[in-house]
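So this block is final-v4.txt, compact mmCIF, C-alpha atoms:
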```txt
# COMPACT_ATOMS: atom_id res chain seq x y z
CA MET J 85 -2.47 23.90 -6.73
CA ALA J 86 1.20 23.87 -5.73
CA TYR J 87 1.89 21.63 -8.71
CA LEU J 88 -0.13 23.82 -11.07
CA ARG J 89 1.66 26.95 -9.84
CA GLY J 90 5.04 25.26 -10.38
CA GLU J 91 5.90 25.41 -6.68
CA GLU J 92 6.71 21.71 -6.32
CA GLU J 93 10.12 20.28 -6.97
CA VAL J 94 10.18 18.02 -9.98
CA PRO J 95 12.47 15.03 -9.37
CA GLU J 96 15.34 14.42 -11.76
CA GLY J 97 14.99 11.28 -13.84
CA CYS J 98 12.05 8.99 -14.34
CA ILE J 99 9.38 9.37 -11.65
CA PHE J 100 8.60 5.64 -11.79
CA CYS J 101 12.27 4.82 -11.13
CA VAL J 102 12.61 7.44 -8.37
CA LYS J 103 9.40 6.68 -6.43
CA PRO J 104 10.44 3.20 -5.20
CA GLN J 105 13.53 4.76 -3.58
CA GLU J 106 11.30 6.86 -1.29
CA GLU J 107 9.10 5.97 1.70
CA ASP J 108 5.92 4.16 0.66
CA ALA J 109 3.53 6.46 2.53
CA GLU J 110 5.23 9.61 1.17
CA VAL J 111 4.75 8.59 -2.47
CA HIS J 112 1.62 6.45 -1.95
CA ILE J 113 3.10 3.06 -2.89
CA LEU J 114 0.41 0.60 -1.85
CA HIS J 115 2.24 -2.67 -2.51
CA ARG J 116 5.69 -3.81 -3.58
CA GLY J 117 6.09 -6.99 -5.56
CA ARG J 118 9.36 -8.54 -6.66
CA LEU J 119 9.17 -7.12 -10.22
CA CYS J 120 6.39 -4.49 -10.06
CA TYR J 121 4.78 -2.16 -7.56
CA VAL J 122 1.32 -0.60 -7.09
CA ILE J 123 1.04 3.15 -6.55
CA LEU J 124 -1.81 5.65 -6.38
CA ASN J 125 -2.11 7.97 -9.36
CA ARG J 126 -1.22 11.44 -8.14
CA PHE J 127 -3.74 12.99 -10.55
CA PRO J 128 -6.62 10.49 -10.35
CA TYR J 129 -9.69 10.28 -12.56
CA ASN J 130 -11.59 8.73 -9.64
CA SER J 131 -10.90 7.78 -6.03
CA GLY J 132 -8.88 4.59 -6.01
CA HIS J 133 -7.19 5.26 -9.39
CA LEU J 134 -3.93 3.36 -9.17
CA MET J 135 -1.11 2.23 -11.40
CA ILE J 136 0.90 -0.96 -11.57
CA VAL J 137 4.49 -0.20 -12.53
CA PRO J 138 7.31 -2.59 -13.43
CA TYR J 139 10.65 -1.73 -11.83
CA SER J 140 12.15 -2.23 -15.31
CA HIS J 141 12.51 1.07 -17.14
CA VAL J 142 11.08 0.17 -20.56
CA PRO J 143 8.69 2.11 -22.82
CA SER J 144 6.32 -0.69 -23.83
CA LEU J 145 4.93 -4.07 -22.81
CA GLU J 146 6.82 -6.03 -25.46
CA TYR J 147 10.11 -5.22 -23.69
CA LEU J 148 9.02 -6.92 -20.46
CA ASP J 149 9.95 -10.54 -19.81
CA ALA J 150 7.26 -13.16 -19.17
CA GLU J 151 7.83 -13.20 -15.41
CA THR J 152 7.34 -9.43 -15.13
CA LEU J 153 4.21 -9.58 -17.30
CA ALA J 154 2.82 -12.36 -15.10
CA GLU J 155 3.39 -10.30 -11.94
CA LEU J 156 1.87 -7.23 -13.64
CA MET J 157 -1.32 -9.23 -14.27
CA ALA J 158 -1.30 -10.85 -10.81
CA LEU J 159 -1.07 -7.39 -9.24
CA THR J 160 -3.89 -6.25 -11.50
CA GLN J 161 -6.06 -9.05 -10.09
CA LEU J 162 -5.05 -8.15 -6.53
CA SER J 163 -5.82 -4.48 -7.22
CA LEU J 164 -9.30 -5.34 -8.50
CA ARG J 165 -10.00 -7.37 -5.33
CA VAL J 166 -8.78 -4.55 -3.09
CA LEU J 167 -10.73 -1.86 -4.94
CA ARG J 168 -13.92 -3.96 -4.91
CA ALA J 169 -13.58 -4.44 -1.14
CA ALA J 170 -12.83 -0.77 -0.49
CA TYR J 171 -15.23 1.03 -2.84
CA GLU J 172 -17.70 -1.44 -4.38
CA PRO J 173 -17.28 0.06 -7.87
CA GLN J 174 -19.73 -0.89 -10.61
CA GLY J 175 -16.96 -1.30 -13.19
CA PHE J 176 -13.34 -0.58 -14.06
CA ASN J 177 -11.21 0.94 -16.78
CA ILE J 178 -7.92 -0.92 -17.10
CA GLY J 179 -5.36 0.14 -19.65
CA VAL J 180 -1.87 0.95 -20.78
CA ASN J 181 -1.10 4.14 -22.70
CA ILE J 182 1.95 3.45 -24.86
CA GLY J 183 3.82 6.40 -26.36
CA THR J 184 3.00 10.07 -26.17
CA ALA J 185 0.55 9.77 -29.07
CA GLY J 186 -1.16 6.96 -27.14
CA GLY J 187 -1.74 9.27 -24.19
CA ALA J 188 1.16 8.24 -21.96
CA GLY J 189 2.13 10.98 -19.54
CA VAL J 190 5.38 9.13 -18.79
CA ALA J 191 6.05 7.53 -22.16
CA GLU J 192 9.49 6.16 -21.34
CA HIS J 193 8.29 3.87 -18.49
CA VAL J 194 5.32 1.61 -19.20
CA HIS J 195 2.65 1.32 -16.49
CA LEU J 196 -0.90 -0.02 -16.23
CA HIS J 197 -3.84 2.07 -14.95
CA VAL J 198 -6.72 0.64 -12.90
CA VAL J 199 -9.61 3.09 -12.51
CA PRO J 200 -12.74 2.19 -10.51
CA ARG J 201 -15.95 3.42 -12.15
CA TRP J 202 -19.53 4.06 -11.05
CA GLY J 203 -22.66 4.91 -13.03
CA GLY J 204 -22.89 8.69 -13.10
CA ASP J 205 -19.27 9.37 -12.16
CA THR J 206 -19.07 11.49 -15.29
CA ASN J 207 -21.55 14.21 -14.40
CA TYR J 208 -22.36 17.84 -15.16
CA THR J 209 -19.23 19.17 -13.43
CA THR J 210 -16.98 16.82 -15.38
CA THR J 211 -18.72 17.15 -18.72
CA VAL J 212 -19.59 20.85 -18.87
CA GLY J 213 -17.21 22.36 -16.33
CA GLN J 214 -14.27 20.21 -17.43
CA THR J 215 -13.47 19.74 -13.75
CA ARG J 216 -13.04 16.46 -11.90
CA VAL J 217 -14.27 16.23 -8.29
CA ILE J 218 -12.52 13.58 -6.21
CA PRO J 219 -14.34 13.04 -2.88
CA GLU J 220 -11.30 11.71 -1.00
CA TRP J 221 -7.76 13.06 -0.43
CA LEU J 222 -4.92 10.86 -1.69
CA ASP J 223 -3.69 10.30 1.87
CA GLU J 224 -7.16 9.04 2.84
CA THR J 225 -7.25 6.73 -0.17
CA TYR J 226 -3.80 5.42 0.79
CA GLU J 227 -4.89 4.78 4.40
CA ARG J 228 -7.98 2.96 3.14
CA LEU J 229 -6.20 0.77 0.58
CA ARG J 230 -2.79 -0.03 2.09
CA PRO J 231 -4.12 -2.37 4.84
CA LEU J 232 -6.28 -4.17 2.27
CA PHE J 233 -3.27 -4.75 0.02
CA GLU J 234 -1.32 -6.09 3.00
CA ARG J 235 -4.10 -8.44 4.09
CA MET J 236 -5.14 -9.66 0.64
CA SER J 237 -1.58 -10.16 -0.64
CA ALA J 238 -0.83 -12.21 2.49
CA GLN J 239 -3.93 -14.32 1.80
CA GLU J 240 -2.77 -14.84 -1.81
CA ALA J 241 0.68 -15.94 -0.59
CA THR J 242 -0.92 -18.38 1.86
CA LYS J 243 -3.11 -19.87 -0.90
CA TYR J 244 -0.11 -20.15 -3.23
CA THR J 245 1.96 -21.94 -0.57
CA ALA J 246 -0.93 -24.28 0.30
CA ASN J 247 -1.55 -25.15 -3.38
CA ASN J 248 2.13 -25.87 -4.02
CA LYS J 249 2.34 -28.30 -1.07
CA GLN J 250 -0.36 -30.51 -2.60
```
In structure tokens, write the structure found in this file.
Amino acid sequence: MAYLRGEEEVPEGCIFCVKPQEEDAEVHILHRGRLCYVILNRFPYNSGHLMIVPYSHVPSLEYLDAETLAELMALTQLSLRVLRAAYEPQGFNIGVNIGTAGGAGVAEHVHLHVVPRWGGDTNYTTTVGQTRVIPEWLDETYERLRPLFERMSAQEATKYTANNKQ
């Protein structure tokens, strides 16, 4: 409500460039990679709705180098594993909205959405009342997911190191 009433300070500059300069827990950054980071969506469609954001400030995927694209996809895989472990969703929506006409809320900085889905998560309240009910506060979602990202990314690093020694 504070946001809707205009009571919150809006940071200067690109939010996706500013967020990594702040404390992870304050801005809900779940994981930091070398070229991209994973953050909770502040206005989620469902619990666990997160975004994978390159540190590079570019408006579209074709401006990202191959290494950044590879990390973007690797973090997408990690995010799916974490969300499956935390919520047992029945499906996912994964996508990139490019440009304002494409639905991008922050059109100048490309980012990928990962939204867990369940049968019936679009119900009467959502459809008729045009209101979304999220059963978990963002801080609770963060506390649930952050340890899973830490554990599962460490497991991935261990597997990568083991495979490269062979």
*Among listed residues J:Leu145, J:Leu156, J:Cys101, J:Ala150, nearest J:Cys120 (using all atoms listed in the file)*: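 The answer is J:Leu156, which sits nearest to J:Cys120.
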*If you count all atoms listed in the file, which residues fall within 10 Å of J:Glu192, apart from same-chain ones fewer than 5 positions away, as a list of chain:residue names?*
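What passes the distance filter is J:Cys98, J:Phe100, J:His141, J:Val142, J:Pro143, J:Ser144, J:Ile182, J:Gly183, J:Thr184.
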*asked:* Ranking J:Tyr147, J:Ala170, J:Tyr121, J:Glu155 by minimum distance to J:Glu227 and counting only C-alpha atoms, which one comes first?
replied: J:Ala170
So which residues touch J:Pro231 within 12 Å, counting only C-alpha atoms, skipping near sequence neighbours fewer than 3 positions away, as a PDB file with C-alpha atoms, in the coordinates of the input?
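What follows is the written file out.pdb:
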```pdb
ATOM      1  CA  ALA J 109       3.530   6.460   2.530  1.00  0.00           C
ATOM      2  CA  ILE J 113       3.100   3.060  -2.890  1.00  0.00           C
ATOM      3  CA  LEU J 114       0.410   0.600  -1.850  1.00  0.00           C
ATOM      4  CA  HIS J 115       2.240  -2.670  -2.510  1.00  0.00           C
ATOM      5  CA  VAL J 166      -8.780  -4.550  -3.090  1.00  0.00           C
ATOM      6  CA  LEU J 167     -10.730  -1.860  -4.940  1.00  0.00           C
ATOM      7  CA  ALA J 169     -13.580  -4.440  -1.140  1.00  0.00           C
ATOM      8  CA  ALA J 170     -12.830  -0.770  -0.490  1.00  0.00           C
ATOM      9  CA  GLU J 224      -7.160   9.040   2.840  1.00  0.00           C
ATOM     10  CA  THR J 225      -7.250   6.730  -0.170  1.00  0.00           C
ATOM     11  CA  TYR J 226      -3.800   5.420   0.790  1.00  0.00           C
ATOM     12  CA  GLU J 227      -4.890   4.780   4.400  1.00  0.00           C
ATOM     13  CA  ARG J 228      -7.980   2.960   3.140  1.00  0.00           C
ATOM     14  CA  GLU J 234      -1.320  -6.090   3.000  1.00  0.00           C
ATOM     15  CA  ARG J 235      -4.100  -8.440   4.090  1.00  0.00           C
ATOM     16  CA  MET J 236      -5.140  -9.660   0.640  1.00  0.00           C
ATOM     17  CA  SER J 237      -1.580 -10.160  -0.640  1.00  0.00           C
ATOM     18  CA  ALA J 238      -0.830 -12.210   2.490  1.00  0.00           C
TER      19      ALA J 238
END
```
*So what do you get for atom CA of J:Glu106 versus atom CA of J:Trp221, distance-wise?*
20.1 Å
